[in-house]
$ cat coords.cif   # mmCIF, N, CA and C atoms
data_query
loop_
_atom_site.label_atom_id
_atom_site.label_comp_id
_atom_site.auth_asym_id
_atom_site.auth_seq_id
_atom_site.Cartn_x
_atom_site.Cartn_y
_atom_site.Cartn_z
N MET A 213 -29.25 -54.75 -13.62
CA MET A 213 -28.58 -55.58 -12.63
C MET A 213 -27.23 -56.02 -13.21
N PRO A 214 -26.17 -55.94 -12.40
CA PRO A 214 -24.85 -56.35 -12.89
C PRO A 214 -24.80 -57.86 -13.14
N ASN A 215 -23.83 -58.28 -13.94
CA ASN A 215 -23.63 -59.70 -14.22
C ASN A 215 -22.83 -60.32 -13.08
N ILE A 216 -23.52 -60.90 -12.11
CA ILE A 216 -22.91 -61.44 -10.89
C ILE A 216 -22.74 -62.94 -11.03
N THR A 217 -21.54 -63.42 -10.68
CA THR A 217 -21.29 -64.85 -10.60
C THR A 217 -21.40 -65.24 -9.14
N TRP A 218 -22.44 -66.00 -8.79
CA TRP A 218 -22.71 -66.37 -7.41
C TRP A 218 -22.02 -67.69 -7.05
N GLU A 219 -21.45 -67.75 -5.87
CA GLU A 219 -20.91 -68.99 -5.31
C GLU A 219 -22.07 -69.84 -4.80
N GLU A 220 -21.82 -71.10 -4.51
CA GLU A 220 -22.82 -71.94 -3.87
C GLU A 220 -23.18 -71.33 -2.51
N PRO A 221 -24.40 -71.50 -2.01
CA PRO A 221 -24.81 -70.92 -0.73
C PRO A 221 -24.00 -71.47 0.44
N TYR A 222 -23.77 -70.62 1.42
CA TYR A 222 -23.17 -71.00 2.70
C TYR A 222 -24.31 -71.06 3.71
N CYS A 223 -24.55 -72.24 4.25
CA CYS A 223 -25.70 -72.44 5.12
C CYS A 223 -25.27 -72.94 6.49
N GLY A 224 -25.90 -72.41 7.53
CA GLY A 224 -25.74 -72.93 8.88
C GLY A 224 -26.92 -73.82 9.20
N GLU A 225 -26.81 -74.56 10.27
CA GLU A 225 -27.91 -75.43 10.67
C GLU A 225 -29.11 -74.60 11.10
N GLY A 226 -30.24 -74.81 10.43
CA GLY A 226 -31.47 -74.13 10.80
C GLY A 226 -31.47 -72.63 10.59
N SER A 227 -30.57 -72.13 9.74
CA SER A 227 -30.53 -70.68 9.53
C SER A 227 -30.57 -70.38 8.03
N ALA A 228 -30.63 -69.11 7.72
CA ALA A 228 -30.66 -68.68 6.34
C ALA A 228 -29.34 -69.00 5.65
N CYS A 229 -29.40 -69.18 4.37
CA CYS A 229 -28.21 -69.42 3.56
C CYS A 229 -27.80 -68.10 2.91
N PHE A 230 -26.52 -67.84 2.90
CA PHE A 230 -25.99 -66.63 2.28
C PHE A 230 -25.18 -67.00 1.06
N ARG A 231 -25.18 -66.11 0.08
CA ARG A 231 -24.39 -66.31 -1.13
C ARG A 231 -23.45 -65.13 -1.31
N ILE A 232 -22.26 -65.42 -1.77
CA ILE A 232 -21.27 -64.41 -2.10
C ILE A 232 -21.05 -64.48 -3.60
N GLY A 233 -20.99 -63.32 -4.22
CA GLY A 233 -20.78 -63.26 -5.65
C GLY A 233 -19.80 -62.17 -6.01
N THR A 234 -19.33 -62.21 -7.25
CA THR A 234 -18.41 -61.20 -7.77
C THR A 234 -18.82 -60.86 -9.19
N ASP A 235 -18.32 -59.72 -9.66
CA ASP A 235 -18.52 -59.36 -11.05
C ASP A 235 -17.17 -59.04 -11.68
N ALA A 236 -17.17 -58.78 -12.96
CA ALA A 236 -15.93 -58.55 -13.69
C ALA A 236 -15.31 -57.18 -13.44
N THR A 237 -16.01 -56.30 -12.74
CA THR A 237 -15.48 -54.95 -12.52
C THR A 237 -14.90 -54.74 -11.13
N GLY A 238 -14.74 -55.84 -10.35
CA GLY A 238 -14.10 -55.72 -9.04
C GLY A 238 -15.04 -55.53 -7.88
N ASN A 239 -16.32 -55.79 -8.08
CA ASN A 239 -17.28 -55.68 -6.98
C ASN A 239 -17.59 -57.04 -6.39
N ALA A 240 -17.93 -57.05 -5.12
CA ALA A 240 -18.34 -58.27 -4.42
C ALA A 240 -19.75 -58.05 -3.90
N TYR A 241 -20.50 -59.15 -3.76
CA TYR A 241 -21.91 -59.08 -3.39
C TYR A 241 -22.21 -60.14 -2.33
N ILE A 242 -23.10 -59.82 -1.40
CA ILE A 242 -23.60 -60.77 -0.41
C ILE A 242 -25.12 -60.67 -0.43
N ALA A 243 -25.78 -61.83 -0.46
CA ALA A 243 -27.24 -61.86 -0.48
C ALA A 243 -27.74 -63.11 0.23
N VAL A 244 -28.97 -63.08 0.65
CA VAL A 244 -29.62 -64.28 1.18
C VAL A 244 -29.98 -65.15 -0.02
N SER A 245 -29.71 -66.43 0.08
CA SER A 245 -30.02 -67.36 -1.01
C SER A 245 -31.52 -67.31 -1.31
N GLY A 246 -31.83 -67.17 -2.57
CA GLY A 246 -33.22 -67.05 -3.00
C GLY A 246 -33.69 -65.62 -3.13
N ALA A 247 -32.90 -64.68 -2.63
CA ALA A 247 -33.24 -63.26 -2.73
C ALA A 247 -32.05 -62.47 -3.26
N GLU A 248 -31.38 -63.03 -4.24
CA GLU A 248 -30.15 -62.43 -4.76
C GLU A 248 -30.36 -61.05 -5.38
N GLU A 249 -31.59 -60.71 -5.72
CA GLU A 249 -31.83 -59.38 -6.28
C GLU A 249 -31.74 -58.29 -5.21
N HIS A 250 -31.68 -58.67 -3.94
CA HIS A 250 -31.54 -57.72 -2.81
C HIS A 250 -30.17 -57.96 -2.17
N TYR A 251 -29.15 -57.40 -2.75
CA TYR A 251 -27.79 -57.67 -2.29
C TYR A 251 -27.15 -56.45 -1.66
N VAL A 252 -26.08 -56.71 -0.93
CA VAL A 252 -25.19 -55.67 -0.42
C VAL A 252 -23.93 -55.77 -1.27
N THR A 253 -23.40 -54.66 -1.70
CA THR A 253 -22.22 -54.69 -2.56
C THR A 253 -21.12 -53.77 -2.04
N ASP A 254 -19.89 -54.17 -2.32
CA ASP A 254 -18.71 -53.38 -2.01
C ASP A 254 -17.58 -53.91 -2.90
N THR A 255 -16.37 -53.52 -2.64
CA THR A 255 -15.24 -53.97 -3.45
C THR A 255 -14.76 -55.35 -3.01
N HIS A 256 -13.97 -56.00 -3.89
CA HIS A 256 -13.34 -57.27 -3.51
C HIS A 256 -12.49 -57.08 -2.26
N ASP A 257 -11.77 -55.95 -2.17
CA ASP A 257 -10.92 -55.69 -1.00
C ASP A 257 -11.74 -55.60 0.28
N ALA A 258 -12.91 -54.98 0.22
CA ALA A 258 -13.76 -54.88 1.40
C ALA A 258 -14.27 -56.26 1.81
N LEU A 259 -14.65 -57.08 0.84
CA LEU A 259 -15.09 -58.45 1.15
C LEU A 259 -13.95 -59.25 1.76
N ARG A 260 -12.76 -59.13 1.21
CA ARG A 260 -11.58 -59.82 1.73
C ARG A 260 -11.33 -59.42 3.19
N ALA A 261 -11.42 -58.13 3.48
CA ALA A 261 -11.21 -57.65 4.85
C ALA A 261 -12.29 -58.19 5.79
N LEU A 262 -13.55 -58.22 5.33
CA LEU A 262 -14.64 -58.76 6.14
C LEU A 262 -14.38 -60.22 6.48
N ILE A 263 -14.02 -61.01 5.50
CA ILE A 263 -13.78 -62.44 5.73
C ILE A 263 -12.59 -62.63 6.68
N ARG A 264 -11.53 -61.87 6.50
CA ARG A 264 -10.37 -61.98 7.41
C ARG A 264 -10.75 -61.62 8.84
N ASP A 265 -11.53 -60.56 9.01
CA ASP A 265 -11.95 -60.17 10.36
C ASP A 265 -12.84 -61.22 11.00
N ILE A 266 -13.74 -61.81 10.23
CA ILE A 266 -14.60 -62.87 10.77
C ILE A 266 -13.75 -64.06 11.18
N LYS A 267 -12.80 -64.46 10.31
CA LYS A 267 -11.92 -65.59 10.63
C LYS A 267 -11.06 -65.30 11.85
N ALA A 268 -10.73 -64.04 12.08
CA ALA A 268 -9.91 -63.64 13.24
C ALA A 268 -10.72 -63.56 14.52
N GLY A 269 -12.03 -63.78 14.44
CA GLY A 269 -12.86 -63.79 15.64
C GLY A 269 -13.49 -62.46 16.00
N LYS A 270 -13.38 -61.46 15.13
CA LYS A 270 -13.92 -60.15 15.46
C LYS A 270 -15.44 -60.09 15.46
N ALA A 271 -16.10 -61.14 14.99
CA ALA A 271 -17.58 -61.18 15.01
C ALA A 271 -18.09 -62.27 15.95
N ASP A 272 -17.21 -62.86 16.73
CA ASP A 272 -17.62 -63.95 17.62
C ASP A 272 -18.69 -63.53 18.63
N HIS A 273 -18.71 -62.28 19.00
CA HIS A 273 -19.72 -61.80 19.95
C HIS A 273 -21.13 -61.88 19.38
N LEU A 274 -21.26 -62.06 18.07
CA LEU A 274 -22.58 -62.18 17.44
C LEU A 274 -23.11 -63.60 17.48
N LEU A 275 -22.28 -64.53 17.85
CA LEU A 275 -22.68 -65.96 17.88
C LEU A 275 -23.44 -66.28 19.14
#

$ encode --input "coords.cif" --output "structure tokens"
Amino acid sequence: MPNITWEEPYCGEGSACFRIGTDATGNAYIAVSGAEEHYVTDTHDALRALIRDIKAGKADHLL
């Protein structure tokens, strides 16, 4: 398992908490809090693009 530095969990009301992490080699990780061993990984650039798209409202239809 890579050496991942996890951020504090991001939690919604009554929903699962998600954690975002990074490693020293330029990878980013997303996992459900408490299940960090089951993560999705991609590059820092891909995570940055995901966050920008969410902030721009491109995932609002999922709410």

$ atom_distance --input "coords.cif" --atom1 "atom N of A:Ser245" --atom2 "atom C of A:Ala228"
6.1 Å

$ atom_distance --input "coords.cif" --atom1 "atom CA of A:Leu275" --atom2 "atom CA of A:Thr234"
26.4 Å

$ select_by_dssp --input "coords.cif" --residues "chain A" --states "alpha helix (DSSP H)" --output "PyMOL selection string"
chain A and resi 256-267

$ atom_distance --input "coords.cif" --atom1 "atom C of A:Ala268" --atom2 "atom C of A:Gly246"
29.0 Å

$ closest_residue --input "coords.cif" --among "A:Val244, A:Ile263, A:Thr255, A:Gly269" --to "A:Phe230" --atoms "all atoms listed in the file"
A:Val244

$ residues_around --input "coords.cif" --residues "A:Ile232" --least-positions-apart "4" --cutoff "5 Å" --atoms "only N, CA and C atoms" --output "list of chain:residue names"
A:Trp218, A:Glu219, A:Tyr241, A:Ile242

$ residues_around --input "coords.cif" --residues "A:Ala240" --least-positions-apart "4" --cutoff "6 Å" --atoms "all atoms listed in the file" --output "list in words"
Gly233, Thr234, Asp235, Val252, Thr253, Asp254, Thr255 and His256 of chain A

$ decode --input "coords.cif" --residues "stretch 241-268 of chain A" --atoms "N, CA and C atoms" --output "JSON list (two decimals), in the first residue's frame"
[["chain", "number", "residue", "atom", "x", "y", "z"],
["A", 241, "TYR", "N", -6.01, 10.23, -3.97],
["A", 241, "TYR", "CA", -6.84, 9.09, -3.56],
["A", 241, "TYR", "C", -8.15, 9.61, -2.97],
["A", 242, "ILE", "N", -9.23, 8.87, -3.21],
["A", 242, "ILE", "CA", -10.53, 9.14, -2.59],
["A", 242, "ILE", "C", -11.02, 7.82, -2.01],
["A", 243, "ALA", "N", -11.51, 7.88, -0.77],
["A", 243, "ALA", "CA", -12.02, 6.67, -0.10],
["A", 243, "ALA", "C", -13.13, 7.06, 0.86],
["A", 244, "VAL", "N", -13.94, 6.09, 1.21],
["A", 244, "VAL", "CA", -14.93, 6.28, 2.26],
["A", 244, "VAL", "C", -14.18, 6.22, 3.59],
["A", 245, "SER", "N", -14.47, 7.14, 4.48],
["A", 245, "SER", "CA", -13.83, 7.16, 5.79],
["A", 245, "SER", "C", -14.07, 5.84, 6.51],
["A", 246, "GLY", "N", -13.01, 5.27, 7.01],
["A", 246, "GLY", "CA", -13.08, 3.98, 7.68],
["A", 246, "GLY", "C", -12.79, 2.81, 6.76],
["A", 247, "ALA", "N", -12.74, 3.06, 5.46],
["A", 247, "ALA", "CA", -12.43, 2.01, 4.49],
["A", 247, "ALA", "C", -11.34, 2.49, 3.53],
["A", 248, "GLU", "N", -10.35, 3.15, 4.08],
["A", 248, "GLU", "CA", -9.30, 3.76, 3.26],
["A", 248, "GLU", "C", -8.49, 2.75, 2.46],
["A", 249, "GLU", "N", -8.54, 1.49, 2.84],
["A", 249, "GLU", "CA", -7.80, 0.48, 2.07],
["A", 249, "GLU", "C", -8.47, 0.18, 0.73],
["A", 250, "HIS", "N", -9.69, 0.67, 0.53],
["A", 250, "HIS", "CA", -10.44, 0.50, -0.74],
["A", 250, "HIS", "C", -10.59, 1.88, -1.38],
["A", 251, "TYR", "N", -9.58, 2.32, -2.05],
["A", 251, "TYR", "CA", -9.57, 3.68, -2.59],
["A", 251, "TYR", "C", -9.63, 3.68, -4.11],
["A", 252, "VAL", "N", -9.97, 4.85, -4.64],
["A", 252, "VAL", "CA", -9.87, 5.13, -6.07],
["A", 252, "VAL", "C", -8.68, 6.07, -6.20],
["A", 253, "THR", "N", -7.84, 5.85, -7.18],
["A", 253, "THR", "CA", -6.65, 6.69, -7.33],
["A", 253, "THR", "C", -6.51, 7.20, -8.75],
["A", 254, "ASP", "N", -5.92, 8.39, -8.85],
["A", 254, "ASP", "CA", -5.60, 9.01, -10.13],
["A", 254, "ASP", "C", -4.52, 10.06, -9.83],
["A", 255, "THR", "N", -4.23, 10.90, -10.78],
["A", 255, "THR", "CA", -3.20, 11.93, -10.59],
["A", 255, "THR", "C", -3.76, 13.14, -9.83],
["A", 256, "HIS", "N", -2.84, 13.97, -9.31],
["A", 256, "HIS", "CA", -3.26, 15.23, -8.69],
["A", 256, "HIS", "C", -4.05, 16.07, -9.69],
["A", 257, "ASP", "N", -3.60, 16.09, -10.96],
["A", 257, "ASP", "CA", -4.30, 16.88, -11.99],
["A", 257, "ASP", "C", -5.73, 16.39, -12.19],
["A", 258, "ALA", "N", -5.94, 15.08, -12.18],
["A", 258, "ALA", "CA", -7.29, 14.55, -12.34],
["A", 258, "ALA", "C", -8.17, 14.92, -11.15],
["A", 259, "LEU", "N", -7.62, 14.86, -9.94],
["A", 259, "LEU", "CA", -8.38, 15.26, -8.76],
["A", 259, "LEU", "C", -8.72, 16.75, -8.83],
["A", 260, "ARG", "N", -7.77, 17.57, -9.23],
["A", 260, "ARG", "CA", -7.99, 19.01, -9.37],
["A", 260, "ARG", "C", -9.12, 19.28, -10.37],
["A", 261, "ALA", "N", -9.11, 18.58, -11.49],
["A", 261, "ALA", "CA", -10.16, 18.76, -12.50],
["A", 261, "ALA", "C", -11.52, 18.32, -11.95],
["A", 262, "LEU", "N", -11.56, 17.21, -11.21],
["A", 262, "LEU", "CA", -12.81, 16.73, -10.61],
["A", 262, "LEU", "C", -13.37, 17.78, -9.66],
["A", 263, "ILE", "N", -12.54, 18.31, -8.79],
["A", 263, "ILE", "CA", -13.00, 19.31, -7.82],
["A", 263, "ILE", "C", -13.49, 20.57, -8.54],
["A", 264, "ARG", "N", -12.77, 21.02, -9.55],
["A", 264, "ARG", "CA", -13.21, 22.21, -10.31],
["A", 264, "ARG", "C", -14.55, 21.97, -10.99],
["A", 265, "ASP", "N", -14.73, 20.80, -11.58],
["A", 265, "ASP", "CA", -16.00, 20.49, -12.24],
["A", 265, "ASP", "C", -17.15, 20.43, -11.24],
["A", 266, "ILE", "N", -16.91, 19.85, -10.08],
["A", 266, "ILE", "CA", -17.96, 19.79, -9.05],
["A", 266, "ILE", "C", -18.31, 21.20, -8.59],
["A", 267, "LYS", "N", -17.28, 22.03, -8.35],
["A", 267, "LYS", "CA", -17.53, 23.41, -7.93],
["A", 267, "LYS", "C", -18.26, 24.21, -9.00],
["A", 268, "ALA", "N", -18.05, 23.86, -10.27],
["A", 268, "ALA", "CA", -18.71, 24.55, -11.38],
["A", 268, "ALA", "C", -20.14, 24.07, -11.60]]
